[in-house]
Structures are given as structure tokens and as C-alpha cells.
file upload-v1.pdb (PDB, C-alpha atoms, pLDDT in the B column)
ATOM      1  CA  MET I   1       0.000   0.000   0.000  1.00 50.00           C
ATOM      2  CA  ARG I   2       2.846   2.203   0.740  1.00 59.00           C
ATOM      3  CA  LYS I   3       4.204   2.022  -2.817  1.00 63.00           C
ATOM      4  CA  SER I   4       0.959   3.066  -4.380  1.00 63.00           C
ATOM      5  CA  SER I   5       0.628   6.063  -2.067  1.00 63.00           C
ATOM      6  CA  GLU I   6       4.263   7.024  -2.824  1.00 72.00           C
ATOM      7  CA  ASN I   7       3.544   6.692  -6.545  1.00 83.00           C
ATOM      8  CA  PHE I   8       0.439   8.809  -6.146  1.00 83.00           C
ATOM      9  CA  ALA I   9       2.333  11.470  -4.187  1.00 83.00           C
ATOM     10  CA  THR I  10       5.154  11.476  -6.728  1.00 87.00           C
ATOM     11  CA  ARG I  11       2.749  11.766  -9.638  1.00 86.00           C
ATOM     12  CA  LEU I  12       0.789  14.489  -7.845  1.00 88.00           C
ATOM     13  CA  SER I  13       4.007  16.423  -7.206  1.00 90.00           C
ATOM     14  CA  ILE I  14       5.092  16.075 -10.847  1.00 92.00           C
ATOM     15  CA  TYR I  15       1.652  17.155 -12.108  1.00 91.00           C
ATOM     16  CA  THR I  16       1.661  20.087  -9.706  1.00 93.00           C
ATOM     17  CA  ILE I  17       5.126  21.202 -10.860  1.00 94.00           C
ATOM     18  CA  ILE I  18       4.219  20.793 -14.546  1.00 94.00           C
ATOM     19  CA  GLY I  19       0.915  22.613 -14.031  1.00 93.00           C
ATOM     20  CA  THR I  20       2.686  25.414 -12.187  1.00 94.00           C
ATOM     21  CA  ILE I  21       5.278  25.699 -14.990  1.00 95.00           C
ATOM     22  CA  ILE I  22       2.501  25.795 -17.627  1.00 95.00           C
ATOM     23  CA  ILE I  23       0.505  28.420 -15.714  1.00 95.00           C
ATOM     24  CA  PHE I  24       3.677  30.479 -15.090  1.00 94.00           C
ATOM     25  CA  THR I  25       4.624  30.254 -18.787  1.00 94.00           C
ATOM     26  CA  ILE I  26       1.124  31.331 -19.875  1.00 95.00           C
ATOM     27  CA  LEU I  27       1.052  34.234 -17.401  1.00 94.00           C
ATOM     28  CA  PHE I  28       4.602  35.292 -18.334  1.00 94.00           C
ATOM     29  CA  SER I  29       3.709  35.178 -22.057  1.00 94.00           C
ATOM     30  CA  LEU I  30       0.563  37.240 -21.509  1.00 94.00           C
ATOM     31  CA  PHE I  31       2.485  39.751 -19.414  1.00 94.00           C
ATOM     32  CA  TYR I  32       5.237  39.921 -22.077  1.00 94.00           C
ATOM     33  CA  LEU I  33       2.762  40.432 -24.927  1.00 94.00           C
ATOM     34  CA  GLY I  34       0.800  43.039 -22.966  1.00 93.00           C
ATOM     35  CA  THR I  35       3.964  44.936 -22.061  1.00 95.00           C
ATOM     36  CA  LYS I  36       5.210  44.728 -25.640  1.00 94.00           C
ATOM     37  CA  ARG I  37       1.900  46.092 -26.959  1.00 95.00           C
ATOM     38  CA  HIS I  38       1.909  48.885 -24.368  1.00 95.00           C
ATOM     39  CA  ASN I  39       5.520  49.817 -25.180  1.00 95.00           C
ATOM     40  CA  MET I  40       4.798  49.839 -28.932  1.00 95.00           C
ATOM     41  CA  ASN I  41       1.738  52.066 -28.458  1.00 95.00           C
ATOM     42  CA  SER I  42       3.651  54.353 -26.106  1.00 95.00           C
ATOM     43  CA  SER I  43       6.543  54.575 -28.582  1.00 95.00           C
ATOM     44  CA  LYS I  44       4.160  55.383 -31.435  1.00 95.00           C
ATOM     45  CA  GLU I  45       2.482  58.118 -29.373  1.00 95.00           C
ATOM     46  CA  GLN I  46       5.822  59.638 -28.365  1.00 96.00           C
ATOM     47  CA  THR I  47       7.087  59.498 -31.947  1.00 95.00           C
ATOM     48  CA  MET I  48       3.933  61.151 -33.289  1.00 95.00           C
ATOM     49  CA  ALA I  49       4.159  63.856 -30.610  1.00 94.00           C
ATOM     50  CA  ALA I  50       7.813  64.491 -31.531  1.00 94.00           C
ATOM     51  CA  ILE I  51       6.916  64.668 -35.232  1.00 94.00           C
ATOM     52  CA  ASP I  52       4.036  67.063 -34.525  1.00 93.00           C
ATOM     53  CA  ASN I  53       6.338  69.226 -32.399  1.00 93.00           C
ATOM     54  CA  MET I  54       9.025  69.248 -35.099  1.00 92.00           C
ATOM     55  CA  GLN I  55       6.456  70.053 -37.779  1.00 92.00           C
ATOM     56  CA  PHE I  56       5.173  72.950 -35.672  1.00 93.00           C
ATOM     57  CA  LYS I  57       8.715  74.296 -35.234  1.00 91.00           C
ATOM     58  CA  ILE I  58       9.439  73.990 -38.954  1.00 88.00           C
ATOM     59  CA  ASP I  59       6.126  75.618 -39.901  1.00 89.00           C
ATOM     60  CA  THR I  60       6.818  78.461 -37.468  1.00 89.00           C
ATOM     61  CA  GLN I  61      10.260  79.064 -38.948  1.00 87.00           C
ATOM     62  CA  LEU I  62       9.000  78.887 -42.529  1.00 87.00           C
ATOM     63  CA  GLN I  63       6.181  81.280 -41.678  1.00 89.00           C
ATOM     64  CA  SER I  64       8.712  83.642 -40.127  1.00 86.00           C
ATOM     65  CA  VAL I  65      10.702  83.676 -43.371  1.00 86.00           C
ATOM     66  CA  GLU I  66       7.567  84.182 -45.463  1.00 87.00           C
ATOM     67  CA  ASN I  67       6.376  87.027 -43.235  1.00 85.00           C
ATOM     68  CA  SER I  68       9.777  88.680 -43.325  1.00 81.00           C
ATOM     69  CA  ILE I  69       9.637  88.811 -47.120  1.00 81.00           C
ATOM     70  CA  ASN I  70       5.905  89.423 -47.524  1.00 80.00           C
ATOM     71  CA  ASN I  71       5.993  92.389 -45.144  1.00 79.00           C
ATOM     72  CA  VAL I  72       8.285  94.361 -47.461  1.00 76.00           C
ATOM     73  CA  VAL I  73       6.860  93.390 -50.847  1.00 73.00           C
ATOM     74  CA  TRP I  74       4.746  96.522 -50.959  1.00 68.00           C
ATOM     75  CA  LEU I  75       7.926  98.604 -50.511  1.00 70.00           C
ATOM     76  CA  MET I  76       9.523  97.139 -53.594  1.00 65.00           C
ATOM     77  CA  SER I  77       8.511  98.558 -56.909  1.00 56.00           C
ATOM     78  CA  LYS I  78      10.475  98.572 -60.112  1.00 50.00           C
ATOM     79  CA  ASP I  79       8.992 102.019 -60.793  1.00 56.00           C
ATOM     80  CA  LYS I  80      11.044 103.387 -57.876  1.00 60.00           C
ATOM     81  CA  VAL I  81      14.364 101.620 -58.190  1.00 61.00           C
ATOM     82  CA  ASN I  82      16.989 103.186 -55.970  1.00 80.00           C
ATOM     83  CA  GLU I  83      19.743 100.667 -55.598  1.00 84.00           C
ATOM     84  CA  ASP I  84      21.034 101.923 -52.231  1.00 87.00           C
ATOM     85  CA  TRP I  85      17.524 101.906 -50.786  1.00 85.00           C
ATOM     86  CA  LEU I  86      16.884  98.372 -52.083  1.00 86.00           C
ATOM     87  CA  PHE I  87      20.157  97.161 -50.549  1.00 89.00           C
ATOM     88  CA  ASP I  88      19.135  98.768 -47.237  1.00 88.00           C
ATOM     89  CA  VAL I  89      15.744  97.031 -47.288  1.00 86.00           C
ATOM     90  CA  LEU I  90      17.397  93.674 -48.002  1.00 89.00           C
ATOM     91  CA  LYS I  91      20.011  94.207 -45.256  1.00 90.00           C
ATOM     92  CA  TYR I  92      17.273  95.103 -42.781  1.00 87.00           C
ATOM     93  CA  ARG I  93      15.471  91.817 -43.582  1.00 86.00           C
ATOM     94  CA  LEU I  94      18.677  89.885 -43.008  1.00 87.00           C
ATOM     95  CA  ILE I  95      19.539  91.658 -39.756  1.00 87.00           C
ATOM     96  CA  ASN I  96      16.062  91.193 -38.284  1.00 85.00           C
ATOM     97  CA  ASN I  97      15.548  87.538 -39.174  1.00 84.00           C
ATOM     98  CA  LYS I  98      18.356  85.213 -38.086  1.00 83.00           C
ATOM     99  CA  LEU I  99      16.854  82.375 -40.130  1.00 82.00           C
ATOM    100  CA  LEU I 100      17.712  84.158 -43.366  1.00 85.00           C
ATOM    101  CA  ILE I 101      21.102  83.440 -44.891  1.00 84.00           C
ATOM    102  CA  GLU I 102      20.748  85.814 -47.799  1.00 87.00           C
ATOM    103  CA  CYS I 103      18.187  88.062 -49.432  1.00 88.00           C
ATOM    104  CA  TYR I 104      17.980  89.225 -52.985  1.00 88.00           C
ATOM    105  CA  ILE I 105      15.757  90.953 -55.442  1.00 88.00           C
ATOM    106  CA  ALA I 106      15.963  89.747 -59.022  1.00 89.00           C
ATOM    107  CA  PHE I 107      14.386  91.614 -61.912  1.00 87.00           C
ATOM    108  CA  GLU I 108      13.158  90.392 -65.280  1.00 88.00           C
ATOM    109  CA  PRO I 109      15.591  90.750 -68.210  1.00 89.00           C
ATOM    110  CA  TYR I 110      15.970  94.397 -69.208  1.00 87.00           C
ATOM    111  CA  ALA I 111      13.199  95.408 -66.755  1.00 82.00           C
ATOM    112  CA  ILE I 112      15.275  98.245 -65.320  1.00 81.00           C
ATOM    113  CA  GLN I 113      16.467 100.683 -67.913  1.00 81.00           C
ATOM    114  CA  GLY I 114      20.238 100.883 -68.098  1.00 84.00           C
ATOM    115  CA  LYS I 115      20.815  97.807 -65.905  1.00 86.00           C
ATOM    116  CA  GLY I 116      21.073  95.202 -68.647  1.00 87.00           C
ATOM    117  CA  LYS I 117      19.760  91.682 -68.898  1.00 92.00           C
ATOM    118  CA  TYR I 118      20.774  90.580 -65.393  1.00 91.00           C
ATOM    119  CA  TYR I 119      19.875  92.823 -62.502  1.00 90.00           C
ATOM    120  CA  MET I 120      19.878  91.056 -59.174  1.00 91.00           C
ATOM    121  CA  LEU I 121      20.847  92.645 -55.880  1.00 91.00           C
ATOM    122  CA  ASN I 122      22.151  90.168 -53.318  1.00 91.00           C
ATOM    123  CA  VAL I 123      22.772  90.591 -49.589  1.00 92.00           C
ATOM    124  CA  GLN I 124      24.396  87.746 -47.667  1.00 89.00           C
ATOM    125  CA  ARG I 125      25.361  87.126 -44.058  1.00 86.00           C
ATOM    126  CA  GLU I 126      29.084  86.339 -43.711  1.00 83.00           C
ATOM    127  CA  GLY I 127      29.917  85.784 -40.054  1.00 81.00           C
ATOM    128  CA  ASN I 128      29.210  89.054 -38.240  1.00 84.00           C
ATOM    129  CA  SER I 129      29.150  91.168 -41.375  1.00 88.00           C
ATOM    130  CA  ILE I 130      26.807  91.570 -44.316  1.00 90.00           C
ATOM    131  CA  ARG I 131      28.032  91.565 -47.893  1.00 89.00           C
ATOM    132  CA  CYS I 132      26.141  93.321 -50.722  1.00 91.00           C
ATOM    133  CA  TRP I 133      26.759  92.724 -54.398  1.00 88.00           C
ATOM    134  CA  HIS I 134      25.188  92.227 -57.834  1.00 89.00           C
ATOM    135  CA  LEU I 135      24.555  88.682 -58.951  1.00 85.00           C
ATOM    136  CA  GLY I 136      23.474  87.378 -62.321  1.00 84.00           C
ATOM    137  CA  SER I 137      25.369  86.647 -65.493  1.00 86.00           C
ATOM    138  CA  ASP I 138      25.442  84.155 -68.316  1.00 85.00           C
ATOM    139  CA  SER I 139      27.139  81.723 -65.900  1.00 86.00           C
ATOM    140  CA  TYR I 140      24.472  82.347 -63.222  1.00 86.00           C
ATOM    141  CA  ASN I 141      21.289  82.778 -65.192  1.00 89.00           C
ATOM    142  CA  TYR I 142      18.790  83.157 -62.386  1.00 91.00           C
ATOM    143  CA  PHE I 143      15.838  83.200 -64.843  1.00 90.00           C
ATOM    144  CA  LYS I 144      16.231  79.427 -65.146  1.00 90.00           C
ATOM    145  CA  ARG I 145      16.416  78.710 -61.418  1.00 89.00           C
ATOM    146  CA  ASP I 146      13.620  76.829 -59.673  1.00 90.00           C
ATOM    147  CA  TRP I 147      13.041  79.637 -57.159  1.00 90.00           C
ATOM    148  CA  TYR I 148      12.639  82.207 -59.946  1.00 92.00           C
ATOM    149  CA  MET I 149      10.497  80.172 -62.344  1.00 93.00           C
ATOM    150  CA  GLY I 150       8.220  78.806 -59.596  1.00 93.00           C
ATOM    151  CA  ALA I 151       7.279  82.221 -58.213  1.00 92.00           C
ATOM    152  CA  LYS I 152       6.892  83.676 -61.700  1.00 91.00           C
ATOM    153  CA  LYS I 153       4.651  80.848 -62.911  1.00 93.00           C
ATOM    154  CA  LEU I 154       2.464  80.732 -59.784  1.00 93.00           C
ATOM    155  CA  ARG I 155       2.385  84.549 -59.381  1.00 90.00           C
ATOM    156  CA  ARG I 156       2.599  84.130 -55.603  1.00 91.00           C
ATOM    157  CA  GLY I 157       5.059  83.104 -52.900  1.00 90.00           C
ATOM    158  CA  TYR I 158       6.934  79.896 -53.679  1.00 92.00           C
ATOM    159  CA  TRP I 159       9.254  77.577 -51.721  1.00 92.00           C
ATOM    160  CA  SER I 160      11.928  75.961 -53.869  1.00 91.00           C
ATOM    161  CA  ASN I 161      13.048  72.387 -53.483  1.00 88.00           C
ATOM    162  CA  PRO I 162      16.193  71.992 -51.364  1.00 88.00           C
ATOM    163  CA  TYR I 163      19.423  72.534 -53.299  1.00 83.00           C
ATOM    164  CA  PHE I 164      23.114  73.170 -52.728  1.00 82.00           C
ATOM    165  CA  ASP I 165      23.919  76.844 -52.277  1.00 77.00           C
ATOM    166  CA  HIS I 166      25.205  78.417 -55.499  1.00 65.00           C
ATOM    167  CA  LEU I 167      28.210  79.841 -53.635  1.00 63.00           C
ATOM    168  CA  ASN I 168      29.586  76.305 -53.181  1.00 57.00           C
ATOM    169  CA  THR I 169      29.335  76.424 -49.399  1.00 65.00           C
ATOM    170  CA  GLN I 170      27.896  72.910 -49.517  1.00 73.00           C
ATOM    171  CA  ASP I 171      24.927  74.143 -47.486  1.00 79.00           C
ATOM    172  CA  ILE I 172      21.586  72.701 -48.482  1.00 83.00           C
ATOM    173  CA  ILE I 173      19.100  75.536 -48.618  1.00 85.00           C
ATOM    174  CA  CYS I 174      15.552  76.305 -49.678  1.00 87.00           C
ATOM    175  CA  THR I 175      14.523  79.600 -51.186  1.00 89.00           C
ATOM    176  CA  TYR I 176      11.302  81.469 -50.589  1.00 91.00           C
ATOM    177  CA  SER I 177      10.537  83.674 -53.582  1.00 91.00           C
ATOM    178  CA  ARG I 178       7.827  86.223 -53.988  1.00 89.00           C
ATOM    179  CA  PRO I 179       7.088  87.924 -57.311  1.00 88.00           C
ATOM    180  CA  LEU I 180       6.833  91.694 -57.481  1.00 82.00           C
ATOM    181  CA  PHE I 181       4.256  93.403 -59.667  1.00 77.00           C
ATOM    182  CA  ASP I 182       3.826  96.952 -60.832  1.00 70.00           C
ATOM    183  CA  GLN I 183       0.516  98.832 -60.484  1.00 71.00           C
ATOM    184  CA  LYS I 184      -0.736  97.186 -63.701  1.00 74.00           C
ATOM    185  CA  GLY I 185      -0.089  93.689 -62.350  1.00 72.00           C
ATOM    186  CA  ASN I 186       2.892  93.023 -64.635  1.00 72.00           C
TER     187      ASN I 186
END

call {"tool": "encode", "arguments": {"input": "upload-v1.pdb", "output": "C-alpha cells"}}
result
Amino acid sequence: MRKSSENFATRLSIYTIIGTIIIFTILFSLFYLGTKRHNMNSSKEQTMAAIDNMQFKIDTQLQSVENSINNVVWLMSKDKVNEDWLFDVLKYRLINNKLLIECYIAFEPYAIQGKGKYYMLNVQREGNSIRCWHLGSDSYNYFKRDWYMGAKKLRRGYWSNPYFDHLNTQDIICTYSRPLFDQKGN
């Protein structure tokens, strides 16, 4: 009788251990899957919040650039071209908006009497100073640039695709262009 009760106790112990291992494995697996799902959802939420925050920052900076240019469009008129005054307006834009690297005003071919085919005033930040010069030539035909053609075609503000800066600084930049019109809308 003793052997059968020992066999029963041994079998009961083995079944209890196996059952406990199975239950522990099931509970551990459920806990693991639940934690994994929670972590994935939490990661997705944090990533989306970071993307939304970054998009807001980018939109704010782009809007700042657009506003900086749009706020002086009414000052610019090819009927009143005074080169020193135009350079001053461009410098003021650059000084008051640290996001701007350079500002320029580019006119249509032969639009300004006596200025020739290429008439583009450029103002660029160089360290702590600002450099002003004329840009445009057969080697830099700005009429064929994305920033120029896009604004001209759309007849409104236009963001160019990113490109390498034409001054070979290896900076990747985007240009916001805004067409200027005379009183007749030309």
C-alpha cells in the first residue's frame, strides 16, 4: 500500500510542478505580450508627438521667413528703383531675421532701364558682417532657377526644393521667392 501512495504522491508532485510551470509560462507570455503592446503604443504616441512638435517648429520658422519677405513686398517697386535703398531694405530683412542666410531681389531681363539683362541685388550674411553685391550673369542665369520660375509661374510666394547653395558652401538651402508686380499687375 505504501508504494501506491508514494507513486500517487510522486505523480501528484510532478503534475503540480508541470501545471505550475505551464501556468507560469502562460502568465509570463501574456504579461510579455501586454507589455510589448503597451511599449509599442507608447513609442508610437511619443514618436507622433515628436513629429508634430518638429512640424510645428518647422512651420513656425517657414512662416517667419515668409512674413519677413511678404511684409516688405509693398515697398519694392520697379517704378522706384533706388539701388542703395533696395540694398538697405534687403540688409534690414537679413539683420532682423536670423533664419535668413541671404536676401535678394531679381528683376526680369531688361526690366530696369540701363541695368542690362541681369539685374539682381544680393545681400548675404558672412559671419558678423553683411556683404552686398550684384549677382546674375550668363554663368548664373537666375531666370532658369527653380526659385525664380516657380514664383513667376504661380504669381505668388513659392518655396523651392532643397538645393546646394550656389556659392559652393555645400549648405543645403531652400529659397522662398515672392514675385513683385507693378501697379498694372505686370

call {"tool": "residues_around", "arguments": {"input": "upload-v1.pdb", "residues": "Asp138 of chain I", "least_positions_apart": "4", "cutoff": "12 Å", "atoms": "all atoms listed in the file", "output": "short mmCIF file (atom, residue, chain, number, x, y, z; two decimals) with C-alpha atoms, keeping the file's coordinate frame"}}
result
data_model
loop_
_atom_site.label_atom_id
_atom_site.label_comp_id
_atom_site.auth_asym_id
_atom_site.auth_seq_id
_atom_site.Cartn_x
_atom_site.Cartn_y
_atom_site.Cartn_z
CA PRO I 109 15.59 90.75 -68.21
CA GLY I 116 21.07 95.20 -68.65
CA LYS I 117 19.76 91.68 -68.90
CA TYR I 118 20.77 90.58 -65.39
CA TYR I 119 19.88 92.82 -62.50
CA TYR I 142 18.79 83.16 -62.39
CA PHE I 143 15.84 83.20 -64.84
CA LYS I 144 16.23 79.43 -65.15
#

call {"tool": "resolve_selection", "arguments": {"input": "upload-v1.pdb", "expression": "the PyMOL selection byres ((chain I and resi 103) around 7)", "output": "ChimeraX atom specification"}}
result
/I:90,94,102,104,122-124

call {"tool": "atom_distance", "arguments": {"input": "upload-v1.pdb", "atom1": "atom CA of Tyr176 of chain I", "atom2": "atom CA of Ala50 of chain I"}}
result
25.8 Å

call {"tool": "atom_distance", "arguments": {"input": "upload-v1.pdb", "atom1": "atom CA of Asp165 of chain I", "atom2": "atom CA of Tyr92 of chain I"}}
result
21.6 Å

call {"tool": "closest_residue", "arguments": {"input": "upload-v1.pdb", "among": "I:Lys57, I:Arg178, I:Lys184, I:Arg131", "to": "Val72 of chain I", "atoms": "all atoms listed in the file"}}
result
I:Arg178

call {"tool": "atom_distance", "arguments": {"input": "upload-v1.pdb", "atom1": "atom CA of Arg155 of chain I", "atom2": "atom CA of Gln63 of chain I"}}
result
18.4 Å
